[in-house]
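Structure file structure-v3.cif; described as mmCIF, N, CA and C atoms.
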data_input
#
loop_
_atom_site.label_atom_id
_atom_site.label_comp_id
_atom_site.auth_asym_id
_atom_site.auth_seq_id
_atom_site.Cartn_x
_atom_site.Cartn_y
_atom_site.Cartn_z
N MET G 132 -39.48 -43.62 19.05
CA MET G 132 -38.94 -42.33 18.63
C MET G 132 -38.02 -41.73 19.69
N LYS G 133 -38.01 -42.34 20.85
CA LYS G 133 -37.21 -41.79 21.94
C LYS G 133 -35.72 -41.72 21.57
N LYS G 134 -35.19 -42.78 20.97
CA LYS G 134 -33.78 -42.79 20.59
C LYS G 134 -33.47 -41.71 19.56
N VAL G 135 -34.33 -41.59 18.57
CA VAL G 135 -34.09 -40.58 17.52
C VAL G 135 -34.14 -39.18 18.12
N ILE G 136 -35.07 -38.93 19.00
CA ILE G 136 -35.15 -37.62 19.66
C ILE G 136 -33.88 -37.37 20.48
N GLU G 137 -33.39 -38.39 21.16
CA GLU G 137 -32.15 -38.24 21.93
C GLU G 137 -30.97 -37.91 21.02
N ILE G 138 -30.90 -38.58 19.88
CA ILE G 138 -29.82 -38.32 18.92
C ILE G 138 -29.91 -36.89 18.41
N LEU G 139 -31.11 -36.46 18.04
CA LEU G 139 -31.29 -35.09 17.56
C LEU G 139 -30.94 -34.08 18.65
N HIS G 140 -31.33 -34.37 19.86
CA HIS G 140 -31.04 -33.48 20.99
C HIS G 140 -29.54 -33.39 21.24
N ASP G 141 -28.83 -34.50 21.06
CA ASP G 141 -27.37 -34.47 21.21
C ASP G 141 -26.72 -33.57 20.16
N ILE G 142 -27.30 -33.56 18.96
CA ILE G 142 -26.76 -32.73 17.88
C ILE G 142 -27.12 -31.26 18.08
N ARG G 143 -28.37 -30.99 18.41
CA ARG G 143 -28.85 -29.61 18.58
C ARG G 143 -29.74 -29.53 19.82
N PRO G 144 -29.14 -29.44 21.00
CA PRO G 144 -29.91 -29.48 22.25
C PRO G 144 -30.86 -28.30 22.46
N GLU G 145 -30.68 -27.25 21.70
CA GLU G 145 -31.50 -26.06 21.93
C GLU G 145 -32.91 -26.15 21.32
N PHE G 146 -33.20 -27.20 20.56
CA PHE G 146 -34.49 -27.30 19.88
C PHE G 146 -35.34 -28.45 20.42
N ASP G 147 -36.66 -28.25 20.35
CA ASP G 147 -37.62 -29.29 20.70
C ASP G 147 -38.11 -29.91 19.39
N PHE G 148 -37.48 -30.98 18.99
CA PHE G 148 -37.76 -31.59 17.70
C PHE G 148 -39.17 -32.16 17.60
N ALA G 149 -39.78 -32.51 18.72
CA ALA G 149 -41.13 -33.04 18.71
C ALA G 149 -42.15 -31.99 18.28
N GLN G 150 -41.77 -30.71 18.33
CA GLN G 150 -42.69 -29.63 18.00
C GLN G 150 -42.59 -29.17 16.54
N SER G 151 -41.66 -29.71 15.78
CA SER G 151 -41.44 -29.25 14.41
C SER G 151 -41.89 -30.28 13.39
N GLU G 152 -42.50 -29.80 12.33
CA GLU G 152 -42.87 -30.66 11.20
C GLU G 152 -41.88 -30.53 10.05
N ASP G 153 -40.97 -29.58 10.14
CA ASP G 153 -39.97 -29.39 9.08
C ASP G 153 -38.68 -28.86 9.71
N PHE G 154 -37.82 -29.79 10.12
CA PHE G 154 -36.58 -29.42 10.79
C PHE G 154 -35.72 -28.47 9.97
N ILE G 155 -35.72 -28.65 8.67
CA ILE G 155 -34.85 -27.86 7.81
C ILE G 155 -35.39 -26.43 7.65
N SER G 156 -36.64 -26.30 7.29
CA SER G 156 -37.23 -24.97 7.14
C SER G 156 -37.27 -24.20 8.45
N ASP G 157 -37.46 -24.91 9.55
CA ASP G 157 -37.50 -24.27 10.86
C ASP G 157 -36.10 -23.92 11.37
N GLY G 158 -35.07 -24.35 10.64
CA GLY G 158 -33.70 -24.02 11.02
C GLY G 158 -33.16 -24.89 12.14
N TYR G 159 -33.78 -26.04 12.39
CA TYR G 159 -33.34 -26.92 13.46
C TYR G 159 -32.07 -27.68 13.06
N ILE G 160 -31.96 -28.08 11.80
CA ILE G 160 -30.75 -28.76 11.33
C ILE G 160 -30.29 -28.15 10.02
N ASP G 161 -28.97 -28.14 9.85
CA ASP G 161 -28.39 -27.67 8.58
C ASP G 161 -27.67 -28.86 7.93
N SER G 162 -26.96 -28.62 6.86
CA SER G 162 -26.34 -29.71 6.12
C SER G 162 -25.29 -30.45 6.95
N PHE G 163 -24.54 -29.74 7.76
CA PHE G 163 -23.56 -30.39 8.62
C PHE G 163 -24.26 -31.27 9.65
N ASP G 164 -25.33 -30.76 10.24
CA ASP G 164 -26.10 -31.54 11.21
C ASP G 164 -26.67 -32.80 10.56
N LEU G 165 -27.09 -32.68 9.31
CA LEU G 165 -27.67 -33.81 8.59
C LEU G 165 -26.64 -34.93 8.44
N ILE G 166 -25.42 -34.58 8.08
CA ILE G 166 -24.37 -35.58 7.95
C ILE G 166 -24.07 -36.23 9.30
N THR G 167 -24.04 -35.43 10.35
CA THR G 167 -23.83 -35.96 11.69
C THR G 167 -24.97 -36.90 12.07
N LEU G 168 -26.19 -36.51 11.74
CA LEU G 168 -27.36 -37.34 12.04
C LEU G 168 -27.28 -38.67 11.31
N VAL G 169 -26.95 -38.64 10.03
CA VAL G 169 -26.86 -39.87 9.24
C VAL G 169 -25.81 -40.80 9.85
N ALA G 170 -24.64 -40.26 10.15
CA ALA G 170 -23.57 -41.09 10.73
C ALA G 170 -23.98 -41.69 12.06
N THR G 171 -24.67 -40.92 12.88
CA THR G 171 -25.11 -41.40 14.18
C THR G 171 -26.20 -42.46 14.05
N LEU G 172 -27.14 -42.25 13.14
CA LEU G 172 -28.19 -43.24 12.91
C LEU G 172 -27.59 -44.55 12.41
N GLU G 173 -26.63 -44.46 11.50
CA GLU G 173 -25.99 -45.66 10.98
C GLU G 173 -25.29 -46.44 12.09
N LYS G 174 -24.60 -45.73 12.95
CA LYS G 174 -23.89 -46.38 14.05
C LYS G 174 -24.88 -46.96 15.06
N GLU G 175 -25.86 -46.18 15.44
CA GLU G 175 -26.83 -46.60 16.46
C GLU G 175 -27.66 -47.81 16.04
N TYR G 176 -28.08 -47.83 14.78
CA TYR G 176 -28.98 -48.88 14.31
C TYR G 176 -28.30 -49.93 13.45
N GLY G 177 -27.00 -49.80 13.21
CA GLY G 177 -26.28 -50.80 12.43
C GLY G 177 -26.72 -50.90 10.99
N VAL G 178 -27.04 -49.76 10.40
CA VAL G 178 -27.47 -49.73 9.00
C VAL G 178 -26.51 -48.86 8.21
N LYS G 179 -26.59 -48.98 6.90
CA LYS G 179 -25.82 -48.12 6.00
C LYS G 179 -26.83 -47.42 5.09
N ILE G 180 -27.04 -46.13 5.32
CA ILE G 180 -28.02 -45.37 4.54
C ILE G 180 -27.39 -45.01 3.20
N ARG G 181 -28.05 -45.40 2.13
CA ARG G 181 -27.55 -45.12 0.78
C ARG G 181 -27.52 -43.62 0.52
N GLY G 182 -26.53 -43.21 -0.24
CA GLY G 182 -26.39 -41.80 -0.59
C GLY G 182 -27.63 -41.23 -1.25
N THR G 183 -28.31 -42.04 -2.04
CA THR G 183 -29.52 -41.57 -2.71
C THR G 183 -30.66 -41.31 -1.74
N GLU G 184 -30.54 -41.85 -0.51
CA GLU G 184 -31.57 -41.65 0.51
C GLU G 184 -31.28 -40.42 1.38
N ILE G 185 -30.08 -39.85 1.23
CA ILE G 185 -29.70 -38.70 2.06
C ILE G 185 -30.16 -37.43 1.36
N VAL G 186 -31.46 -37.22 1.46
CA VAL G 186 -32.11 -36.04 0.87
C VAL G 186 -32.98 -35.41 1.95
N PRO G 187 -33.21 -34.11 1.86
CA PRO G 187 -33.99 -33.43 2.90
C PRO G 187 -35.33 -34.08 3.21
N GLU G 188 -36.01 -34.61 2.21
CA GLU G 188 -37.33 -35.19 2.42
C GLU G 188 -37.31 -36.32 3.45
N ASN G 189 -36.19 -37.03 3.56
CA ASN G 189 -36.10 -38.15 4.50
C ASN G 189 -35.74 -37.72 5.92
N PHE G 190 -35.50 -36.43 6.11
CA PHE G 190 -35.09 -35.94 7.42
C PHE G 190 -35.87 -34.69 7.84
N LEU G 191 -37.03 -34.48 7.24
CA LEU G 191 -37.83 -33.29 7.54
C LEU G 191 -38.38 -33.27 8.96
N ASN G 192 -38.76 -34.45 9.45
CA ASN G 192 -39.37 -34.52 10.78
C ASN G 192 -39.21 -35.93 11.33
N LEU G 193 -39.74 -36.17 12.50
CA LEU G 193 -39.59 -37.47 13.14
C LEU G 193 -40.23 -38.59 12.32
N ASP G 194 -41.38 -38.35 11.73
CA ASP G 194 -42.04 -39.37 10.92
C ASP G 194 -41.21 -39.74 9.70
N ALA G 195 -40.60 -38.76 9.06
CA ALA G 195 -39.78 -39.02 7.88
C ALA G 195 -38.57 -39.88 8.25
N ILE G 196 -37.95 -39.57 9.37
CA ILE G 196 -36.79 -40.36 9.83
C ILE G 196 -37.23 -41.77 10.18
N LYS G 197 -38.36 -41.89 10.85
CA LYS G 197 -38.90 -43.20 11.21
C LYS G 197 -39.16 -44.04 9.96
N ASN G 198 -39.76 -43.44 8.95
CA ASN G 198 -40.05 -44.15 7.71
C ASN G 198 -38.77 -44.57 7.00
N LEU G 199 -37.76 -43.72 7.02
CA LEU G 199 -36.48 -44.07 6.41
C LEU G 199 -35.86 -45.26 7.13
N LEU G 200 -35.85 -45.23 8.44
CA LEU G 200 -35.27 -46.33 9.19
C LEU G 200 -36.03 -47.64 8.98
N LYS G 201 -37.33 -47.55 8.81
CA LYS G 201 -38.14 -48.74 8.54
C LYS G 201 -37.72 -49.39 7.22
N LYS G 202 -37.31 -48.59 6.24
CA LYS G 202 -36.83 -49.14 4.96
C LYS G 202 -35.62 -50.04 5.16
N TYR G 203 -34.89 -49.79 6.23
CA TYR G 203 -33.69 -50.57 6.53
C TYR G 203 -33.94 -51.64 7.59
N GLY G 204 -35.19 -51.90 7.87
CA GLY G 204 -35.55 -52.97 8.78
C GLY G 204 -35.57 -52.60 10.24
N VAL G 205 -35.42 -51.33 10.55
CA VAL G 205 -35.46 -50.88 11.94
C VAL G 205 -36.90 -50.51 12.25
N SER G 206 -37.45 -51.09 13.31
CA SER G 206 -38.83 -50.72 13.64
C SER G 206 -39.06 -50.60 15.14
N ASN G 207 -38.70 -51.61 15.90
CA ASN G 207 -39.04 -51.63 17.32
C ASN G 207 -38.31 -50.60 18.15
N GLU G 208 -37.06 -50.35 17.81
CA GLU G 208 -36.20 -49.57 18.70
C GLU G 208 -36.00 -48.13 18.26
N ILE G 209 -36.86 -47.62 17.43
CA ILE G 209 -36.73 -46.25 16.95
C ILE G 209 -37.08 -45.34 18.10
#
Any chance you could put this one into C-alpha coordinates?
Amino acid sequence: MKKVIEILHDIRPEFDFAQSEDFISDGYIDSFDLITLVATLEKEYGVKIRGTEIVPENFLNLDAIKNLLKKYGVSNEI
(Lines of atoms letter the chains of each structure in order from A and count residues from 1; the text may use other names and numbers.)
(Lines give C-alpha, C1' and ligand atoms only; values in the text may rest on other atoms or scores of the structure.)
Protein backbone atom coordinates (compact mmCIF):
# COMPACT_ATOMS: atom_id res chain seq x y z
CA MET A 1 0.00 0.00 0.00
CA LYS A 2 3.02 2.25 0.28
CA LYS A 3 2.98 3.17 -3.43
CA VAL A 4 -0.74 3.94 -3.42
CA ILE A 5 -0.37 6.11 -0.33
CA GLU A 6 2.51 7.96 -2.02
CA ILE A 7 0.38 8.54 -5.12
CA LEU A 8 -2.52 9.83 -3.02
CA HIS A 9 -0.17 12.05 -1.04
CA ASP A 10 1.22 13.51 -4.28
CA ILE A 11 -2.34 14.39 -5.32
CA ARG A 12 -3.51 15.73 -1.95
CA PRO A 13 -0.57 16.10 0.47
CA GLU A 14 -2.67 17.71 3.18
CA PHE A 15 -4.53 14.50 4.08
CA ASP A 16 -3.59 11.31 5.92
CA PHE A 17 -5.26 8.73 3.72
CA ALA A 18 -4.43 5.87 6.09
CA GLN A 19 -6.86 7.41 8.60
CA SER A 20 -9.91 7.56 6.32
CA GLU A 21 -12.40 4.85 5.44
CA ASP A 22 -14.21 7.02 2.89
CA PHE A 23 -12.01 9.41 0.94
CA ILE A 24 -14.94 10.91 -0.92
CA SER A 25 -17.28 11.56 2.01
CA ASP A 26 -14.38 12.85 4.09
CA GLY A 27 -13.56 15.32 1.32
CA TYR A 28 -10.09 13.90 0.68
CA ILE A 29 -10.62 13.50 -3.07
CA ASP A 30 -13.02 15.06 -5.55
CA SER A 31 -13.87 14.10 -9.13
CA PHE A 32 -10.81 15.83 -10.57
CA ASP A 33 -8.56 14.08 -8.05
CA LEU A 34 -10.19 10.77 -8.98
CA ILE A 35 -9.31 11.20 -12.65
CA THR A 36 -5.75 12.14 -11.69
CA LEU A 37 -5.57 9.08 -9.43
CA VAL A 38 -6.82 6.74 -12.18
CA ALA A 39 -4.31 8.11 -14.69
CA THR A 40 -1.46 7.80 -12.21
CA LEU A 41 -2.40 4.26 -11.19
CA GLU A 42 -2.60 3.23 -14.84
CA LYS A 43 0.85 4.66 -15.53
CA GLU A 44 2.45 3.34 -12.35
CA TYR A 45 1.11 -0.20 -12.63
CA GLY A 46 0.86 -0.55 -16.41
CA VAL A 47 -2.86 -1.26 -16.41
CA LYS A 48 -5.85 0.22 -18.18
CA ILE A 49 -8.78 0.68 -15.79
CA ARG A 50 -12.09 0.23 -17.61
CA GLY A 51 -14.50 3.14 -17.52
CA THR A 52 -17.10 0.95 -15.86
CA GLU A 53 -14.66 0.47 -12.96
CA ILE A 54 -14.20 4.21 -12.39
CA VAL A 55 -16.90 4.55 -9.77
CA PRO A 56 -16.64 5.94 -6.23
CA GLU A 57 -16.98 2.50 -4.65
CA ASN A 58 -13.62 1.45 -6.13
CA PHE A 59 -11.82 4.46 -4.67
CA LEU A 60 -13.43 4.91 -1.24
CA ASN A 61 -10.37 3.84 0.73
CA LEU A 62 -7.06 2.01 0.50
CA ASP A 63 -8.68 -1.44 0.60
CA ALA A 64 -11.03 -0.57 -2.26
CA ILE A 65 -8.13 0.64 -4.41
CA LYS A 66 -6.11 -2.45 -3.52
CA ASN A 67 -9.01 -4.72 -4.52
CA LEU A 68 -9.44 -2.86 -7.80
CA LEU A 69 -5.77 -3.21 -8.66
CA LYS A 70 -5.89 -6.92 -7.82
CA LYS A 71 -8.58 -7.32 -10.51
CA TYR A 72 -5.94 -6.18 -12.98
CA GLY A 73 -3.30 -8.58 -11.71
CA VAL A 74 -1.42 -6.15 -9.49
CA SER A 75 -0.69 -7.61 -6.08
CA ASN A 76 2.88 -7.53 -4.81
CA GLU A 77 3.78 -3.93 -5.49
CA ILE A 78 0.69 -2.12 -4.25
note = Between CA of Ile160 (chain G) and CA of Asp147 (chain G) lies a distance of 11.6 Å
task = Report as a list in words the residues that result from applying the PyMOL selection byres ((chain G and resi 208) around 7) to the structure here.
result =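 So the PyMOL selection byres ((chain G and resi 208) around 7) ends up selecting Met132, Lys133, Lys134, Val135, Val205, Ser206, Asn207 and Ile209 of chain G.
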request  = Between CA of Phe146 (chain G) and CA of Gly204 (chain G), measure the distance and give it in Å to one decimal.
outcome  = 28.0 Å
task = Provide the atom N of Tyr203 (chain G) to atom C of Glu145 (chain G) distance in Å, to one decimal place.
result = 28.1 Å
task = May I have the residues within 7 Å of region 178-189 of chain G as a list of chain:residue names, using all atoms listed in the file and disregarding those fewer than 6 positions away in the same chain?
result =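 In the requested format, the answer is G:Leu172, G:Ala195, G:Ile196, G:Lys197, G:Leu199, G:Tyr203.
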remark   = With distances taken over only C-alpha atoms, the candidate from G:Phe154, G:Tyr176, G:Phe163, G:Phe148 nearest Leu200 (chain G) is G:Tyr176
request  = May I have all residues of region 143-188 of chain G that DSSP, computed from the backbone, assigns to helix (DSSP H, G or I), given as a list in words?
outcome  =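 Going through region 143-188 of chain G, the helix (DSSP H, G or I) residues come out as Phe148, Ala149, Gln150, Ser162, Phe163, Asp164, Leu165, Ile166, Thr167, Leu168, Val169, Ala170, Thr171, Leu172, Glu173, Lys174, Glu175, Tyr176, Gly182, Thr183, Glu184, Pro187 and Glu188 of chain G.
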Can you write out the residues you just picked, keeping N, CA and C atoms, as an mmCIF file, keeping the file's coordinate frame?
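As written to disk, selection-v3.cif reads:
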data_model
loop_
_atom_site.group_PDB
_atom_site.id
_atom_site.type_symbol
_atom_site.label_atom_id
_atom_site.label_comp_id
_atom_site.auth_asym_id
_atom_site.auth_seq_id
_atom_site.Cartn_x
_atom_site.Cartn_y
_atom_site.Cartn_z
ATOM 1 N N PHE G 148 -37.480 -30.980 18.990
ATOM 2 C CA PHE G 148 -37.760 -31.590 17.700
ATOM 3 C C PHE G 148 -39.170 -32.160 17.600
ATOM 4 N N ALA G 149 -39.780 -32.510 18.720
ATOM 5 C CA ALA G 149 -41.130 -33.040 18.710
ATOM 6 C C ALA G 149 -42.150 -31.990 18.280
ATOM 7 N N GLN G 150 -41.770 -30.710 18.330
ATOM 8 C CA GLN G 150 -42.690 -29.630 18.000
ATOM 9 C C GLN G 150 -42.590 -29.170 16.540
ATOM 10 N N SER G 162 -26.960 -28.620 6.860
ATOM 11 C CA SER G 162 -26.340 -29.710 6.120
ATOM 12 C C SER G 162 -25.290 -30.450 6.950
ATOM 13 N N PHE G 163 -24.540 -29.740 7.760
ATOM 14 C CA PHE G 163 -23.560 -30.390 8.620
ATOM 15 C C PHE G 163 -24.260 -31.270 9.650
ATOM 16 N N ASP G 164 -25.330 -30.760 10.240
ATOM 17 C CA ASP G 164 -26.100 -31.540 11.210
ATOM 18 C C ASP G 164 -26.670 -32.800 10.560
ATOM 19 N N LEU G 165 -27.090 -32.680 9.310
ATOM 20 C CA LEU G 165 -27.670 -33.810 8.590
ATOM 21 C C LEU G 165 -26.640 -34.930 8.440
ATOM 22 N N ILE G 166 -25.420 -34.580 8.080
ATOM 23 C CA ILE G 166 -24.370 -35.580 7.950
ATOM 24 C C ILE G 166 -24.070 -36.230 9.300
ATOM 25 N N THR G 167 -24.040 -35.430 10.350
ATOM 26 C CA THR G 167 -23.830 -35.960 11.690
ATOM 27 C C THR G 167 -24.970 -36.900 12.070
ATOM 28 N N LEU G 168 -26.190 -36.510 11.740
ATOM 29 C CA LEU G 168 -27.360 -37.340 12.040
ATOM 30 C C LEU G 168 -27.280 -38.670 11.310
ATOM 31 N N VAL G 169 -26.950 -38.640 10.030
ATOM 32 C CA VAL G 169 -26.860 -39.870 9.240
ATOM 33 C C VAL G 169 -25.810 -40.800 9.850
ATOM 34 N N ALA G 170 -24.640 -40.260 10.150
ATOM 35 C CA ALA G 170 -23.570 -41.090 10.730
ATOM 36 C C ALA G 170 -23.980 -41.690 12.060
ATOM 37 N N THR G 171 -24.670 -40.920 12.880
ATOM 38 C CA THR G 171 -25.110 -41.400 14.180
ATOM 39 C C THR G 171 -26.200 -42.460 14.050
ATOM 40 N N LEU G 172 -27.140 -42.250 13.140
ATOM 41 C CA LEU G 172 -28.190 -43.240 12.910
ATOM 42 C C LEU G 172 -27.590 -44.550 12.410
ATOM 43 N N GLU G 173 -26.630 -44.460 11.500
ATOM 44 C CA GLU G 173 -25.990 -45.660 10.980
ATOM 45 C C GLU G 173 -25.290 -46.440 12.090
ATOM 46 N N LYS G 174 -24.600 -45.730 12.950
ATOM 47 C CA LYS G 174 -23.890 -46.380 14.050
ATOM 48 C C LYS G 174 -24.880 -46.960 15.060
ATOM 49 N N GLU G 175 -25.860 -46.180 15.440
ATOM 50 C CA GLU G 175 -26.830 -46.600 16.460
ATOM 51 C C GLU G 175 -27.660 -47.810 16.040
ATOM 52 N N TYR G 176 -28.080 -47.830 14.780
ATOM 53 C CA TYR G 176 -28.980 -48.880 14.310
ATOM 54 C C TYR G 176 -28.300 -49.930 13.450
ATOM 55 N N GLY G 182 -26.530 -43.210 -0.240
ATOM 56 C CA GLY G 182 -26.390 -41.800 -0.590
ATOM 57 C C GLY G 182 -27.630 -41.230 -1.250
ATOM 58 N N THR G 183 -28.310 -42.040 -2.040
ATOM 59 C CA THR G 183 -29.520 -41.570 -2.710
ATOM 60 C C THR G 183 -30.660 -41.310 -1.740
ATOM 61 N N GLU G 184 -30.540 -41.850 -0.510
ATOM 62 C CA GLU G 184 -31.570 -41.650 0.510
ATOM 63 C C GLU G 184 -31.280 -40.420 1.380
ATOM 64 N N PRO G 187 -33.210 -34.110 1.860
ATOM 65 C CA PRO G 187 -33.990 -33.430 2.900
ATOM 66 C C PRO G 187 -35.330 -34.080 3.210
ATOM 67 N N GLU G 188 -36.010 -34.610 2.210
ATOM 68 C CA GLU G 188 -37.330 -35.190 2.420
ATOM 69 C C GLU G 188 -37.310 -36.320 3.450
#
